[in-house]
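Here's start.txt, which has compact mmCIF, N, CA and C atoms:
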# COMPACT_ATOMS: atom_id res chain seq x y z
N GLY A 121 0.80 -1.19 0.00
CA GLY A 121 0.00 0.00 0.00
C GLY A 121 0.85 1.26 0.00
N LEU A 122 0.20 2.39 -0.07
CA LEU A 122 0.89 3.68 -0.11
C LEU A 122 1.80 3.90 1.08
N GLU A 123 1.37 3.48 2.25
CA GLU A 123 2.15 3.72 3.47
C GLU A 123 3.50 3.00 3.45
N ARG A 124 3.66 2.00 2.61
CA ARG A 124 4.91 1.26 2.54
C ARG A 124 5.82 1.74 1.42
N THR A 125 5.39 2.72 0.65
CA THR A 125 6.24 3.23 -0.43
C THR A 125 7.39 4.03 0.16
N ARG A 126 8.47 4.14 -0.61
CA ARG A 126 9.64 4.89 -0.15
C ARG A 126 9.28 6.34 0.13
N ALA A 127 8.41 6.92 -0.69
CA ALA A 127 8.04 8.33 -0.51
C ALA A 127 7.36 8.55 0.84
N PHE A 128 6.44 7.67 1.20
CA PHE A 128 5.73 7.84 2.48
C PHE A 128 6.64 7.52 3.66
N ARG A 129 7.54 6.55 3.50
CA ARG A 129 8.50 6.28 4.58
C ARG A 129 9.41 7.48 4.79
N GLU A 130 9.86 8.10 3.68
CA GLU A 130 10.71 9.29 3.80
C GLU A 130 9.93 10.44 4.42
N LEU A 131 8.67 10.59 4.06
CA LEU A 131 7.82 11.64 4.64
C LEU A 131 7.72 11.46 6.16
N ARG A 132 7.44 10.24 6.61
CA ARG A 132 7.31 9.99 8.05
C ARG A 132 8.63 10.23 8.77
N LEU A 133 9.75 9.77 8.20
CA LEU A 133 11.05 9.96 8.85
C LEU A 133 11.40 11.44 8.91
N THR A 134 11.18 12.17 7.83
CA THR A 134 11.46 13.60 7.82
C THR A 134 10.60 14.33 8.84
N ALA A 135 9.32 13.98 8.92
CA ALA A 135 8.42 14.60 9.90
C ALA A 135 8.88 14.30 11.32
N HIS A 136 9.32 13.08 11.57
CA HIS A 136 9.80 12.70 12.90
C HIS A 136 11.03 13.53 13.29
N LEU A 137 11.99 13.64 12.38
CA LEU A 137 13.20 14.41 12.67
C LEU A 137 12.89 15.89 12.83
N HIS A 138 12.01 16.41 12.00
CA HIS A 138 11.61 17.82 12.09
C HIS A 138 10.95 18.09 13.45
N ALA A 139 10.10 17.18 13.88
CA ALA A 139 9.42 17.34 15.18
C ALA A 139 10.41 17.32 16.33
N ARG A 140 11.52 16.64 16.15
CA ARG A 140 12.57 16.59 17.19
C ARG A 140 13.49 17.81 17.13
N GLY A 141 13.21 18.74 16.21
CA GLY A 141 13.99 19.96 16.14
C GLY A 141 15.27 19.84 15.34
N LEU A 142 15.41 18.77 14.58
CA LEU A 142 16.60 18.60 13.75
C LEU A 142 16.43 19.37 12.44
N PRO A 143 17.54 19.88 11.88
CA PRO A 143 17.46 20.72 10.69
C PRO A 143 17.24 19.94 9.40
N VAL A 144 15.98 19.61 9.17
CA VAL A 144 15.52 19.05 7.91
C VAL A 144 14.40 19.95 7.42
N PRO A 145 14.20 20.04 6.11
CA PRO A 145 13.09 20.86 5.62
C PRO A 145 11.76 20.29 6.14
N ARG A 146 10.84 21.18 6.46
CA ARG A 146 9.52 20.73 6.94
C ARG A 146 8.80 20.01 5.82
N PRO A 147 8.40 18.75 6.05
CA PRO A 147 7.68 18.00 5.01
C PRO A 147 6.25 18.50 4.87
N VAL A 148 5.77 18.50 3.64
CA VAL A 148 4.41 18.95 3.37
C VAL A 148 3.54 17.79 2.90
N ALA A 149 4.02 17.02 1.93
CA ALA A 149 3.22 15.94 1.37
C ALA A 149 4.10 14.97 0.60
N ALA A 150 3.54 13.81 0.34
CA ALA A 150 4.18 12.83 -0.54
C ALA A 150 3.17 12.47 -1.62
N SER A 151 3.69 12.18 -2.78
CA SER A 151 2.84 11.82 -3.91
C SER A 151 3.34 10.52 -4.53
N VAL A 152 2.41 9.63 -4.83
CA VAL A 152 2.75 8.37 -5.47
C VAL A 152 1.78 8.16 -6.62
N THR A 153 2.32 7.88 -7.80
CA THR A 153 1.49 7.60 -8.97
C THR A 153 1.85 6.21 -9.48
N HIS A 154 0.88 5.32 -9.50
CA HIS A 154 1.12 3.95 -9.95
C HIS A 154 1.07 3.85 -11.47
N HIS A 155 1.96 3.03 -12.00
CA HIS A 155 2.03 2.72 -13.44
C HIS A 155 2.13 1.20 -13.56
N GLY A 156 1.02 0.52 -13.46
CA GLY A 156 1.06 -0.94 -13.49
C GLY A 156 1.73 -1.47 -12.24
N LEU A 157 2.85 -2.18 -12.41
CA LEU A 157 3.56 -2.76 -11.28
C LEU A 157 4.58 -1.81 -10.68
N THR A 158 4.82 -0.67 -11.31
CA THR A 158 5.78 0.30 -10.80
C THR A 158 5.07 1.58 -10.40
N TYR A 159 5.83 2.50 -9.81
CA TYR A 159 5.27 3.80 -9.44
C TYR A 159 6.35 4.86 -9.48
N THR A 160 5.93 6.11 -9.59
CA THR A 160 6.82 7.24 -9.42
C THR A 160 6.36 7.97 -8.17
N ALA A 161 7.31 8.59 -7.49
CA ALA A 161 6.97 9.23 -6.22
C ALA A 161 7.74 10.52 -6.05
N ALA A 162 7.22 11.37 -5.18
CA ALA A 162 7.89 12.63 -4.85
C ALA A 162 7.57 13.00 -3.42
N LEU A 163 8.53 13.65 -2.79
CA LEU A 163 8.33 14.21 -1.46
C LEU A 163 8.37 15.72 -1.61
N ILE A 164 7.39 16.39 -1.05
CA ILE A 164 7.32 17.85 -1.13
C ILE A 164 7.64 18.41 0.25
N THR A 165 8.62 19.33 0.28
CA THR A 165 9.02 19.97 1.54
C THR A 165 9.00 21.48 1.35
N VAL A 166 9.05 22.19 2.46
CA VAL A 166 9.14 23.64 2.42
C VAL A 166 10.53 24.02 1.93
N ARG A 167 10.60 24.96 1.03
CA ARG A 167 11.87 25.41 0.47
C ARG A 167 12.68 26.16 1.53
N ILE A 168 13.97 25.90 1.57
CA ILE A 168 14.87 26.60 2.49
C ILE A 168 15.46 27.76 1.70
N GLU A 169 15.00 28.95 2.01
CA GLU A 169 15.42 30.14 1.26
C GLU A 169 16.93 30.34 1.31
N GLY A 170 17.51 30.58 0.18
CA GLY A 170 18.93 30.90 0.08
C GLY A 170 19.86 29.73 0.31
N ALA A 171 19.32 28.53 0.39
CA ALA A 171 20.17 27.36 0.66
C ALA A 171 20.91 26.92 -0.59
N ARG A 172 22.15 26.54 -0.36
CA ARG A 172 22.99 25.98 -1.42
C ARG A 172 23.66 24.72 -0.90
N ALA A 173 23.95 23.83 -1.79
CA ALA A 173 24.62 22.59 -1.38
C ALA A 173 26.00 22.91 -0.82
N LEU A 174 26.41 22.16 0.18
CA LEU A 174 27.75 22.32 0.73
C LEU A 174 28.78 22.20 -0.38
N ALA A 175 28.54 21.35 -1.36
CA ALA A 175 29.46 21.18 -2.48
C ALA A 175 29.77 22.51 -3.17
N GLU A 176 28.80 23.41 -3.23
CA GLU A 176 28.99 24.71 -3.86
C GLU A 176 29.76 25.68 -2.97
N ARG A 177 29.83 25.39 -1.69
CA ARG A 177 30.47 26.30 -0.72
C ARG A 177 31.88 25.85 -0.34
N LEU A 178 32.32 24.70 -0.83
CA LEU A 178 33.58 24.14 -0.37
C LEU A 178 34.79 24.99 -0.72
N GLY A 179 34.77 25.66 -1.87
CA GLY A 179 35.93 26.44 -2.29
C GLY A 179 36.37 27.47 -1.28
N GLY A 180 35.45 28.19 -0.72
CA GLY A 180 35.80 29.23 0.24
C GLY A 180 35.22 28.99 1.61
N ALA A 181 34.94 27.74 1.93
CA ALA A 181 34.29 27.44 3.21
C ALA A 181 35.22 27.75 4.38
N GLU A 182 34.69 28.47 5.34
CA GLU A 182 35.44 28.79 6.55
C GLU A 182 35.45 27.58 7.48
N ALA A 183 36.48 27.52 8.32
CA ALA A 183 36.61 26.41 9.26
C ALA A 183 35.38 26.29 10.15
N THR A 184 34.81 27.42 10.57
CA THR A 184 33.65 27.35 11.47
C THR A 184 32.45 26.71 10.78
N LEU A 185 32.29 26.95 9.49
CA LEU A 185 31.19 26.32 8.76
C LEU A 185 31.40 24.81 8.70
N LEU A 186 32.59 24.38 8.38
CA LEU A 186 32.86 22.95 8.28
C LEU A 186 32.71 22.27 9.64
N GLU A 187 33.12 22.94 10.71
CA GLU A 187 32.92 22.39 12.04
C GLU A 187 31.43 22.30 12.36
N ARG A 188 30.66 23.29 11.91
CA ARG A 188 29.21 23.26 12.11
C ARG A 188 28.58 22.09 11.36
N VAL A 189 29.12 21.78 10.18
CA VAL A 189 28.65 20.61 9.44
C VAL A 189 28.86 19.36 10.29
N GLY A 190 30.06 19.22 10.86
CA GLY A 190 30.35 18.06 11.70
C GLY A 190 29.43 17.97 12.90
N ALA A 191 29.20 19.10 13.55
CA ALA A 191 28.31 19.12 14.73
C ALA A 191 26.89 18.73 14.33
N THR A 192 26.46 19.16 13.15
CA THR A 192 25.12 18.83 12.67
C THR A 192 25.00 17.34 12.38
N VAL A 193 26.01 16.78 11.71
CA VAL A 193 25.99 15.34 11.44
C VAL A 193 25.94 14.57 12.76
N ARG A 194 26.69 15.02 13.73
CA ARG A 194 26.68 14.36 15.04
C ARG A 194 25.29 14.39 15.66
N ARG A 195 24.59 15.51 15.57
CA ARG A 195 23.23 15.61 16.11
C ARG A 195 22.32 14.55 15.49
N PHE A 196 22.45 14.39 14.17
CA PHE A 196 21.64 13.37 13.50
C PHE A 196 22.04 11.97 13.95
N HIS A 197 23.34 11.73 14.09
CA HIS A 197 23.79 10.43 14.55
C HIS A 197 23.30 10.15 15.97
N GLU A 198 23.33 11.17 16.83
CA GLU A 198 22.83 10.98 18.19
C GLU A 198 21.34 10.67 18.21
N ALA A 199 20.62 11.17 17.21
CA ALA A 199 19.19 10.85 17.09
C ALA A 199 18.98 9.47 16.46
N GLY A 200 20.07 8.84 16.00
CA GLY A 200 19.99 7.50 15.43
C GLY A 200 19.84 7.45 13.93
N LEU A 201 19.99 8.58 13.24
CA LEU A 201 19.78 8.58 11.79
C LEU A 201 21.00 8.03 11.05
N ASP A 202 20.78 6.94 10.34
CA ASP A 202 21.78 6.38 9.43
C ASP A 202 21.45 6.93 8.04
N HIS A 203 22.21 7.93 7.61
CA HIS A 203 21.98 8.54 6.29
C HIS A 203 22.84 7.78 5.29
N VAL A 204 22.19 6.96 4.49
CA VAL A 204 22.92 6.05 3.60
C VAL A 204 23.60 6.75 2.44
N ASP A 205 23.30 8.02 2.21
CA ASP A 205 23.93 8.76 1.12
C ASP A 205 24.39 10.12 1.61
N LEU A 206 25.15 10.13 2.69
CA LEU A 206 25.66 11.39 3.24
C LEU A 206 26.75 11.91 2.31
N ASN A 207 26.46 13.01 1.64
CA ASN A 207 27.42 13.58 0.71
C ASN A 207 27.29 15.10 0.68
N ALA A 208 28.21 15.75 0.00
CA ALA A 208 28.28 17.21 -0.02
C ALA A 208 27.12 17.86 -0.77
N ARG A 209 26.32 17.10 -1.46
CA ARG A 209 25.13 17.64 -2.12
C ARG A 209 23.87 17.49 -1.27
N ASN A 210 23.91 16.60 -0.29
CA ASN A 210 22.77 16.38 0.59
C ASN A 210 22.87 17.17 1.89
N LEU A 211 23.90 17.96 2.01
CA LEU A 211 24.04 18.91 3.12
C LEU A 211 23.88 20.30 2.52
N LEU A 212 22.89 21.03 3.01
CA LEU A 212 22.63 22.38 2.50
C LEU A 212 23.06 23.40 3.54
N VAL A 213 23.44 24.57 3.06
CA VAL A 213 23.81 25.68 3.94
C VAL A 213 22.96 26.87 3.52
N ASP A 214 22.21 27.44 4.48
CA ASP A 214 21.34 28.56 4.14
C ASP A 214 22.09 29.89 4.27
N ALA A 215 21.39 30.98 4.06
CA ALA A 215 22.00 32.32 4.06
C ALA A 215 22.57 32.69 5.43
N GLN A 216 22.09 32.05 6.50
CA GLN A 216 22.60 32.32 7.85
C GLN A 216 23.65 31.29 8.25
N ASP A 217 24.12 30.50 7.29
CA ASP A 217 25.11 29.44 7.50
C ASP A 217 24.61 28.31 8.40
N GLN A 218 23.29 28.14 8.48
CA GLN A 218 22.75 26.97 9.17
C GLN A 218 22.85 25.78 8.22
N VAL A 219 23.20 24.63 8.77
CA VAL A 219 23.38 23.41 7.98
C VAL A 219 22.09 22.58 8.06
N TRP A 220 21.65 22.09 6.91
CA TRP A 220 20.43 21.30 6.79
C TRP A 220 20.79 19.98 6.12
N LEU A 221 20.03 18.93 6.42
CA LEU A 221 20.23 17.62 5.81
C LEU A 221 19.00 17.26 4.98
N ILE A 222 19.23 16.80 3.76
CA ILE A 222 18.12 16.43 2.87
C ILE A 222 18.33 15.02 2.33
N ASP A 223 17.36 14.56 1.56
CA ASP A 223 17.38 13.28 0.86
C ASP A 223 17.49 12.11 1.83
N LEU A 224 16.41 11.87 2.55
CA LEU A 224 16.39 10.81 3.55
C LEU A 224 15.84 9.50 2.99
N ASP A 225 15.76 9.40 1.68
CA ASP A 225 15.29 8.18 1.03
C ASP A 225 16.19 7.02 1.43
N ARG A 226 15.61 5.94 1.85
CA ARG A 226 16.29 4.71 2.27
C ARG A 226 17.03 4.86 3.60
N CYS A 227 16.95 6.01 4.25
CA CYS A 227 17.59 6.21 5.55
C CYS A 227 16.72 5.58 6.63
N ARG A 228 17.34 5.35 7.79
CA ARG A 228 16.57 4.74 8.87
C ARG A 228 17.17 5.11 10.21
N LEU A 229 16.39 4.89 11.25
CA LEU A 229 16.83 5.12 12.62
C LEU A 229 17.38 3.82 13.17
N ARG A 230 18.56 3.92 13.83
CA ARG A 230 19.24 2.73 14.34
C ARG A 230 19.94 3.06 15.65
N ALA A 231 20.30 2.03 16.36
CA ALA A 231 21.15 2.20 17.54
C ALA A 231 22.56 2.54 17.06
N ALA A 232 23.33 3.21 17.91
CA ALA A 232 24.70 3.58 17.56
C ALA A 232 25.49 2.35 17.12
N GLY A 233 26.42 2.57 16.18
CA GLY A 233 27.22 1.44 15.70
C GLY A 233 28.19 1.87 14.62
N PRO A 234 28.81 0.91 13.95
CA PRO A 234 29.81 1.19 12.92
C PRO A 234 29.27 1.99 11.74
N TRP A 235 27.96 2.01 11.56
CA TRP A 235 27.37 2.76 10.46
C TRP A 235 27.69 4.25 10.57
N GLN A 236 27.90 4.75 11.79
CA GLN A 236 28.19 6.17 11.97
C GLN A 236 29.52 6.53 11.30
N GLU A 237 30.54 5.72 11.52
CA GLU A 237 31.83 5.95 10.87
C GLU A 237 31.70 5.75 9.37
N ALA A 238 30.91 4.78 8.95
CA ALA A 238 30.69 4.55 7.51
C ALA A 238 30.05 5.79 6.87
N ASN A 239 29.12 6.45 7.57
CA ASN A 239 28.52 7.69 7.06
C ASN A 239 29.60 8.75 6.84
N LEU A 240 30.47 8.92 7.83
CA LEU A 240 31.54 9.93 7.73
C LEU A 240 32.51 9.59 6.61
N GLU A 241 32.82 8.32 6.44
CA GLU A 241 33.71 7.91 5.35
C GLU A 241 33.06 8.19 4.00
N ARG A 242 31.76 7.95 3.91
CA ARG A 242 31.01 8.25 2.67
C ARG A 242 31.08 9.75 2.37
N LEU A 243 30.94 10.58 3.39
CA LEU A 243 31.06 12.02 3.21
C LEU A 243 32.47 12.37 2.76
N GLY A 244 33.47 11.72 3.32
CA GLY A 244 34.85 11.96 2.91
C GLY A 244 35.08 11.65 1.44
N ARG A 245 34.51 10.56 0.95
CA ARG A 245 34.64 10.22 -0.48
C ARG A 245 33.97 11.27 -1.35
N SER A 246 32.85 11.78 -0.87
CA SER A 246 32.16 12.84 -1.60
C SER A 246 33.00 14.11 -1.66
N LEU A 247 33.58 14.48 -0.54
CA LEU A 247 34.42 15.69 -0.50
C LEU A 247 35.62 15.55 -1.44
N ALA A 248 36.17 14.35 -1.54
CA ALA A 248 37.31 14.11 -2.43
C ALA A 248 36.94 14.39 -3.88
N LYS A 249 35.70 14.13 -4.26
CA LYS A 249 35.25 14.40 -5.63
C LYS A 249 35.26 15.89 -5.94
N PHE A 250 35.23 16.72 -4.90
CA PHE A 250 35.25 18.17 -5.07
C PHE A 250 36.61 18.76 -4.68
N ASP A 251 37.62 17.88 -4.65
CA ASP A 251 38.99 18.30 -4.28
C ASP A 251 39.00 19.01 -2.93
N ALA A 252 38.25 18.49 -1.98
CA ALA A 252 38.14 19.11 -0.65
C ALA A 252 38.38 18.08 0.45
N GLU A 253 39.34 17.18 0.22
CA GLU A 253 39.62 16.14 1.21
C GLU A 253 39.97 16.74 2.57
N ASP A 254 40.66 17.89 2.56
CA ASP A 254 41.08 18.53 3.81
C ASP A 254 39.89 19.02 4.64
N ALA A 255 38.73 19.19 4.02
CA ALA A 255 37.55 19.64 4.75
C ALA A 255 37.09 18.59 5.76
N LEU A 256 37.35 17.32 5.49
CA LEU A 256 36.87 16.27 6.37
C LEU A 256 37.49 16.39 7.76
N ALA A 257 38.74 16.81 7.85
CA ALA A 257 39.38 16.95 9.17
C ALA A 257 38.62 17.98 10.02
N LEU A 258 38.22 19.09 9.41
CA LEU A 258 37.46 20.11 10.15
C LEU A 258 36.06 19.62 10.49
N ILE A 259 35.45 18.88 9.59
CA ILE A 259 34.13 18.30 9.85
C ILE A 259 34.22 17.33 11.02
N ARG A 260 35.25 16.49 11.01
CA ARG A 260 35.44 15.54 12.12
C ARG A 260 35.71 16.28 13.43
N GLN A 261 36.41 17.39 13.36
CA GLN A 261 36.68 18.19 14.56
C GLN A 261 35.37 18.70 15.15
N GLY A 262 34.48 19.21 14.29
CA GLY A 262 33.18 19.66 14.76
C GLY A 262 32.32 18.51 15.25
N TYR A 263 32.45 17.36 14.64
CA TYR A 263 31.71 16.16 15.03
C TYR A 263 32.11 15.72 16.43
N ALA A 264 33.40 15.83 16.73
CA ALA A 264 33.93 15.36 18.01
C ALA A 264 33.79 16.38 19.14
N ALA A 265 33.49 17.64 18.81
CA ALA A 265 33.40 18.69 19.83
C ALA A 265 32.23 18.43 20.77
N GLU A 266 32.37 18.92 21.98
CA GLU A 266 31.28 18.81 22.96
C GLU A 266 30.08 19.61 22.47
N ALA A 267 28.92 19.06 22.65
CA ALA A 267 27.68 19.73 22.20
C ALA A 267 27.35 20.93 23.06

Any chance you could put this one into structure tokens?
Amino acid sequence: GLERTRAFRELRLTAHLHARGLPVPRPVAASVTHHGLTYTAALITVRIEGARALAERLGGAEATLLERVGATVRRFHEAGLDHVDLNARNLLVDAQDQVWLIDLDRCRLRAAGPWQEANLERLGRSLAKFDAEDALALIRQGYAAEA
């Protein structure tokens, strides 16, 4: 049924994280259109004004921004979010330099474990694609800082 589609699962997870005060766009609706045995789906969220992907900000990113990215990832990890595609395009930075996390498709809530380091390693591989491997050290510094 509709409730088991990826779009509705992502809607529920995003709503749960938003209700906990984590920086995800506020979800509005999910749409699923069936085509025989397959379907297309979409998640609709409130637009984050002035937000740009971290990938676009890496060239001149200040250390404090990268540390804020790490602190934000840690908040999500503490909430149990395993983001299976943590990358520099799924982290947004708004005009006030607040960090947001998007694209929760296939993500899930889990108890702490090795997946947390795997998420950070995945982010590191993404940063390398943008010639920003050195950014990971600052992100890890922010991740490890006291909340």

Inset, instruction - Just the residues within 6 Å of Glu187 in chain A, please, counting only N, CA and C atoms, with nothing from its chain fewer than 4 positions along; format it as a PyMOL selection string. - result: chain A and resi 183+191-192+258-259+261-263

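Coordinates place atom C of Gly200 in chain A at a distance of 13.5 Å from CA of Leu240 in chain A.
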
Inset, instruction - Give the answer as one residue: which of A:Leu224, A:Leu247, A:Ala171, A:Val166 has the shortest atom-to-atom distance to Arg146 in chain A, using all atoms listed in the file? - result: A:Val166

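Proximity to Ser151 in chain A was assessed for A:Ala248, A:Leu229, A:Leu131, A:Ala238 counting only C-alpha atoms; the smallest distance is recorded for A:Leu131.
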
Legend entry - Exercise: Arg172 in chain A partners within 8 Å, all atoms listed in the file, chain neighbours under 6 positions left out, as a PyMOL selection string: chain A and resi 208-209+211-215

Could you save the residues just selected, with N, CA and C atoms, as a PDB file, keeping the file's coordinate frame?
ATOM      1  N   ALA A 208      28.210  15.750   0.000  1.00  0.00           N
ATOM      2  CA  ALA A 208      28.280  17.210  -0.020  1.00  0.00           C
ATOM      3  C   ALA A 208      27.120  17.860  -0.770  1.00  0.00           C
ATOM      4  N   ARG A 209      26.320  17.100  -1.460  1.00  0.00           N
ATOM      5  CA  ARG A 209      25.130  17.640  -2.120  1.00  0.00           C
ATOM      6  C   ARG A 209      23.870  17.490  -1.270  1.00  0.00           C
ATOM      7  N   LEU A 211      23.900  17.960   2.010  1.00  0.00           N
ATOM      8  CA  LEU A 211      24.040  18.910   3.120  1.00  0.00           C
ATOM      9  C   LEU A 211      23.880  20.300   2.520  1.00  0.00           C
ATOM     10  N   LEU A 212      22.890  21.030   3.010  1.00  0.00           N
ATOM     11  CA  LEU A 212      22.630  22.380   2.500  1.00  0.00           C
ATOM     12  C   LEU A 212      23.060  23.400   3.540  1.00  0.00           C
ATOM     13  N   VAL A 213      23.440  24.570   3.060  1.00  0.00           N
ATOM     14  CA  VAL A 213      23.810  25.680   3.940  1.00  0.00           C
ATOM     15  C   VAL A 213      22.960  26.870   3.520  1.00  0.00           C
ATOM     16  N   ASP A 214      22.210  27.440   4.480  1.00  0.00           N
ATOM     17  CA  ASP A 214      21.340  28.560   4.140  1.00  0.00           C
ATOM     18  C   ASP A 214      22.090  29.890   4.270  1.00  0.00           C
ATOM     19  N   ALA A 215      21.390  30.980   4.060  1.00  0.00           N
ATOM     20  CA  ALA A 215      22.000  32.320   4.060  1.00  0.00           C
ATOM     21  C   ALA A 215      22.570  32.690   5.430  1.00  0.00           C
TER      22      ALA A 215
END

Legend entry - Exercise: range 201-207 of chain A partners within 9 Å, only C-alpha atoms, chain neighbours under 3 positions left out, as a PyMOL selection string: chain A and resi 137+174-175+195-198+210-211+221+223-231+235-236+238-240+242-247

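Of the residues under consideration (A:Val148, A:Val193, A:Glu176, A:Arg129), A:Val193 shows the shortest atom-to-atom contact distance to Val219 in chain A when counting all atoms listed in the file.
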
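Between atom N of His136 in chain A and atom C of Leu157 in chain A the interatomic distance comes to 27.2 Å.
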
Legend entry - Residue neighbourhood Thr134 in chain A, 8 Å, all atoms listed in the file, exclusion window fewer than 6 positions, as a PyMOL selection string: chain A and resi 128+140+144-147+224

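Of note, atom N of Ala173 in chain A and CA of Thr125 in chain A are spaced 27.2 Å apart.
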
Legend entry - Expected answer as a PyMOL selection string: helix (DSSP H, G or I) residues in range 131-264 of chain A: chain A and resi 131-139+174-180+183-198+235-249+255-264

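The smallest atom-to-atom distance between Glu237 in chain A and any of A:Arg177, A:Ala255, A:Arg260, A:Ala149, using only C-alpha atoms, is found for A:Arg260.
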
Can you sort out the box for range 240-246 of chain A, edges along x, y and z, all listed atoms in, 6 Å on every side, with centre and edge lengths in Å to one decimal, as AutoDock Vina command-line options?
--center_x 32.8 --center_y 11.0 --center_z 3.1 --size_x 16.6 --size_y 18.2 --size_z 21.5

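Note that DSSP on the backbone gives strand (DSSP E) to these residues of chain A: A:Pro147, A:Val148, A:Ala149, A:Ala150, A:Ser151, A:Val152, A:Thr153, A:His154, A:His155, A:Thr158, A:Tyr159, A:Thr160, A:Ala161, A:Ala162, A:Leu163, A:Ile164, A:Thr165, A:Arg172, A:Ala173, A:Leu201, A:Asp202, A:Leu211, A:Leu212, A:Val213, A:Val219, A:Trp220, A:Leu221, A:Arg228, A:Leu229.
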